[in-house]
file input20.pdb (PDB, C-alpha atoms)
ATOM      1  CA  MET A   1    -105.937 201.720  31.105  1.00  0.00           C
ATOM      2  CA  LYS A   2    -104.062 199.127  33.095  1.00  0.00           C
ATOM      3  CA  LEU A   3    -103.827 195.344  33.329  1.00  0.00           C
ATOM      4  CA  VAL A   4    -103.939 195.028  37.117  1.00  0.00           C
ATOM      5  CA  ARG A   5    -104.227 191.253  37.283  1.00  0.00           C
ATOM      6  CA  ASP A   6    -102.585 189.038  34.670  1.00  0.00           C
ATOM      7  CA  THR A   7    -103.098 185.281  34.856  1.00  0.00           C
ATOM      8  CA  PRO A   8    -102.318 182.569  32.294  1.00  0.00           C
ATOM      9  CA  THR A   9    -106.056 182.280  31.520  1.00  0.00           C
ATOM     10  CA  GLY A  10    -107.260 185.901  31.742  1.00  0.00           C
ATOM     11  CA  GLY A  11    -107.040 188.912  33.978  1.00  0.00           C
ATOM     12  CA  LEU A  12    -108.490 192.215  35.109  1.00  0.00           C
ATOM     13  CA  VAL A  13    -108.216 195.434  33.121  1.00  0.00           C
ATOM     14  CA  THR A  14    -109.144 198.799  34.630  1.00  0.00           C
ATOM     15  CA  TYR A  15    -109.617 202.236  33.127  1.00  0.00           C
ATOM     16  CA  PRO A  16    -110.739 205.635  34.431  1.00  0.00           C
ATOM     17  CA  PHE A  17    -114.062 207.231  33.557  1.00  0.00           C
ATOM     18  CA  GLN A  18    -115.841 210.381  34.663  1.00  0.00           C
ATOM     19  CA  ASN A  19    -119.502 209.640  33.936  1.00  0.00           C
ATOM     20  CA  GLU A  20    -121.670 206.743  32.808  1.00  0.00           C
ATOM     21  CA  VAL A  21    -121.518 207.798  29.132  1.00  0.00           C
ATOM     22  CA  ASP A  22    -117.729 207.221  29.186  1.00  0.00           C
ATOM     23  CA  ILE A  23    -118.025 203.579  30.271  1.00  0.00           C
ATOM     24  CA  LEU A  24    -118.920 202.171  26.853  1.00  0.00           C
ATOM     25  CA  THR A  25    -117.798 204.930  24.478  1.00  0.00           C
ATOM     26  CA  SER A  26    -114.408 206.089  25.736  1.00  0.00           C
ATOM     27  CA  ASN A  27    -111.055 205.575  24.057  1.00  0.00           C
ATOM     28  CA  GLN A  28    -109.931 204.010  27.347  1.00  0.00           C
ATOM     29  CA  ARG A  29    -112.491 201.205  26.928  1.00  0.00           C
ATOM     30  CA  ARG A  30    -111.416 200.676  23.327  1.00  0.00           C
ATOM     31  CA  ASP A  31    -107.811 200.378  24.508  1.00  0.00           C
ATOM     32  CA  ALA A  32    -108.829 197.962  27.283  1.00  0.00           C
ATOM     33  CA  MET A  33    -110.671 195.746  24.788  1.00  0.00           C
ATOM     34  CA  GLU A  34    -107.669 195.810  22.425  1.00  0.00           C
ATOM     35  CA  LEU A  35    -105.430 194.680  25.293  1.00  0.00           C
ATOM     36  CA  ILE A  36    -107.839 191.815  26.048  1.00  0.00           C
ATOM     37  CA  ASN A  37    -107.889 190.853  22.347  1.00  0.00           C
ATOM     38  CA  ARG A  38    -104.060 190.814  22.205  1.00  0.00           C
ATOM     39  CA  LYS A  39    -103.861 188.647  25.327  1.00  0.00           C
ATOM     40  CA  CYS A  40    -106.613 186.308  24.061  1.00  0.00           C
ATOM     41  CA  PRO A  41    -106.220 185.976  20.271  1.00  0.00           C
ATOM     42  CA  ALA A  42    -108.678 183.032  20.203  1.00  0.00           C
ATOM     43  CA  GLY A  43    -111.344 185.144  21.923  1.00  0.00           C
ATOM     44  CA  SER A  44    -112.383 185.971  25.452  1.00  0.00           C
ATOM     45  CA  HIS A  45    -115.338 186.023  27.792  1.00  0.00           C
ATOM     46  CA  VAL A  46    -116.131 188.892  30.162  1.00  0.00           C
ATOM     47  CA  GLN A  47    -116.825 187.321  33.544  1.00  0.00           C
ATOM     48  CA  LYS A  48    -117.674 190.497  35.364  1.00  0.00           C
ATOM     49  CA  GLU A  49    -117.382 194.233  34.936  1.00  0.00           C
ATOM     50  CA  GLY A  50    -118.269 197.232  37.036  1.00  0.00           C
ATOM     51  CA  GLU A  51    -117.081 200.231  38.980  1.00  0.00           C
ATOM     52  CA  ILE A  52    -114.186 199.642  41.348  1.00  0.00           C
ATOM     53  CA  PRO A  53    -114.091 201.789  44.476  1.00  0.00           C
ATOM     54  CA  LYS A  54    -110.871 203.794  44.676  1.00  0.00           C
ATOM     55  CA  VAL A  55    -111.130 204.503  48.415  1.00  0.00           C
ATOM     56  CA  SER A  56    -112.908 202.853  51.269  1.00  0.00           C
ATOM     57  CA  PRO A  57    -116.319 204.295  52.147  1.00  0.00           C
ATOM     58  CA  ALA A  58    -114.984 205.216  55.612  1.00  0.00           C
ATOM     59  CA  ALA A  59    -112.123 207.240  54.112  1.00  0.00           C
ATOM     60  CA  ASP A  60    -114.503 209.014  51.746  1.00  0.00           C
ATOM     61  CA  ARG A  61    -116.815 209.905  54.651  1.00  0.00           C
ATOM     62  CA  ALA A  62    -113.859 211.224  56.641  1.00  0.00           C
ATOM     63  CA  TRP A  63    -112.893 213.456  53.725  1.00  0.00           C
ATOM     64  CA  ARG A  64    -116.573 214.358  53.133  1.00  0.00           C
ATOM     65  CA  GLY A  65    -116.525 213.257  49.493  1.00  0.00           C
ATOM     66  CA  GLN A  66    -113.485 215.364  48.618  1.00  0.00           C
ATOM     67  CA  MET A  67    -111.428 212.457  47.282  1.00  0.00           C
ATOM     68  CA  GLY A  68    -112.828 213.317  43.826  1.00  0.00           C
ATOM     69  CA  GLY A  69    -111.078 212.475  40.582  1.00  0.00           C
ATOM     70  CA  ASP A  70    -111.873 209.920  37.943  1.00  0.00           C
ATOM     71  CA  ARG A  71    -113.850 206.848  38.738  1.00  0.00           C
ATOM     72  CA  LEU A  72    -112.420 203.425  37.884  1.00  0.00           C
ATOM     73  CA  TRP A  73    -114.105 200.716  35.747  1.00  0.00           C
ATOM     74  CA  GLY A  74    -112.899 197.106  35.737  1.00  0.00           C
ATOM     75  CA  ILE A  75    -113.332 194.260  33.250  1.00  0.00           C
ATOM     76  CA  GLN A  76    -112.537 190.750  34.534  1.00  0.00           C
ATOM     77  CA  PHE A  77    -112.086 188.308  31.655  1.00  0.00           C
ATOM     78  CA  THR A  78    -111.004 184.801  30.749  1.00  0.00           C
ATOM     79  CA  CYS A  79    -109.488 183.638  27.486  1.00  0.00           C
ATOM     80  CA  ASN A  80    -111.309 181.022  25.386  1.00  0.00           C
TER      81      ASN A  80
END
call {"tool": "encode", "arguments": {"input": "input20.pdb", "output": "structure tokens"}}
result
Amino acid sequence: MKLVRDTPTGGLVTYPFQNEVDILTSNQRRDAMELINRKCPAGSHVQKEGEIPKVSPAADRAWRGQMGGDRLWGIQFTCN
């Protein structure tokens, strides 16, 4: 889990996941939400969340899908 963008009013937190079940139930998500709660003690609003590509589609085609590894989920949020 990593805070990749930190602004005075919010940010973007990312965490790795391997399959869709992990997105909502993983310890990584729990940790990401705790980080958001610490940054925004008065509450927060999720603006957008979704999978973040780790490599460009062209690079993945060149490597024929061998880039592998964990997938990355991002949560963009603002503080209330």
call {"tool": "residues_around", "arguments": {"input": "input20.pdb", "residues": "Cys79 in chain A", "least_positions_apart": "6", "cutoff": "7 Å", "atoms": "only C-alpha atoms", "output": "PyMOL selection string"}}
result
chain A and resi 9-10+40+43-45
call {"tool": "write_last_selection", "arguments": {"input": "input20.pdb", "atoms": "C-alpha atoms", "output": "compact mmCIF listing (two decimals), in the frame of the given file"}}
result
# COMPACT_ATOMS: atom_id res chain seq x y z
CA THR A 9 -106.06 182.28 31.52
CA GLY A 10 -107.26 185.90 31.74
CA CYS A 40 -106.61 186.31 24.06
CA GLY A 43 -111.34 185.14 21.92
CA SER A 44 -112.38 185.97 25.45
CA HIS A 45 -115.34 186.02 27.79
call {"tool": "closest_residue", "arguments": {"input": "input20.pdb", "among": "A:Leu35, A:Glu20, A:Leu12, A:Thr25", "to": "Gln47 in chain A", "atoms": "all atoms listed in the file"}}
result
A:Leu12
call {"tool": "closest_residue", "arguments": {"input": "input20.pdb", "among": "A:Pro8, A:Val46, A:Met33, A:Glu51", "to": "Gly74 in chain A", "atoms": "all atoms listed in the file"}}
result
A:Glu51
call {"tool": "atom_distance", "arguments": {"input": "input20.pdb", "atom1": "CA of Lys39 in chain A", "atom2": "CA of Asn19 in chain A"}}
result
27.6 Å
call {"tool": "resolve_selection", "arguments": {"input": "input20.pdb", "expression": "the PyMOL selection byres ((chain A and resi 16) around 8)", "output": "ChimeraX atom specification"}}
result
/A:1,14-15,17-18,28,70-73
call {"tool": "atom_distance", "arguments": {"input": "input20.pdb", "atom1": "CA of Lys54 in chain A", "atom2": "CA of Arg38 in chain A"}}
result
26.8 Å
call {"tool": "atom_distance", "arguments": {"input": "input20.pdb", "atom1": "CA of Asp31 in chain A", "atom2": "CA of Leu3 in chain A"}}
result
10.9 Å
call {"tool": "axis_aligned_box", "arguments": {"input": "input20.pdb", "around": "range 14-17 of chain A", "padding_each_side": "8 Å", "output": "lines of an AutoDock Vina configuration file"}}
result
center_x = -111.6
center_y = 203.0
center_z = 33.9
size_x = 20.9
size_y = 24.4
size_z = 17.5
call {"tool": "closest_residue", "arguments": {"input": "input20.pdb", "among": "A:Val21, A:Val13, A:Asn80, A:Asp6", "to": "Glu34 in chain A", "atoms": "all atoms listed in the file"}}
result
A:Val13
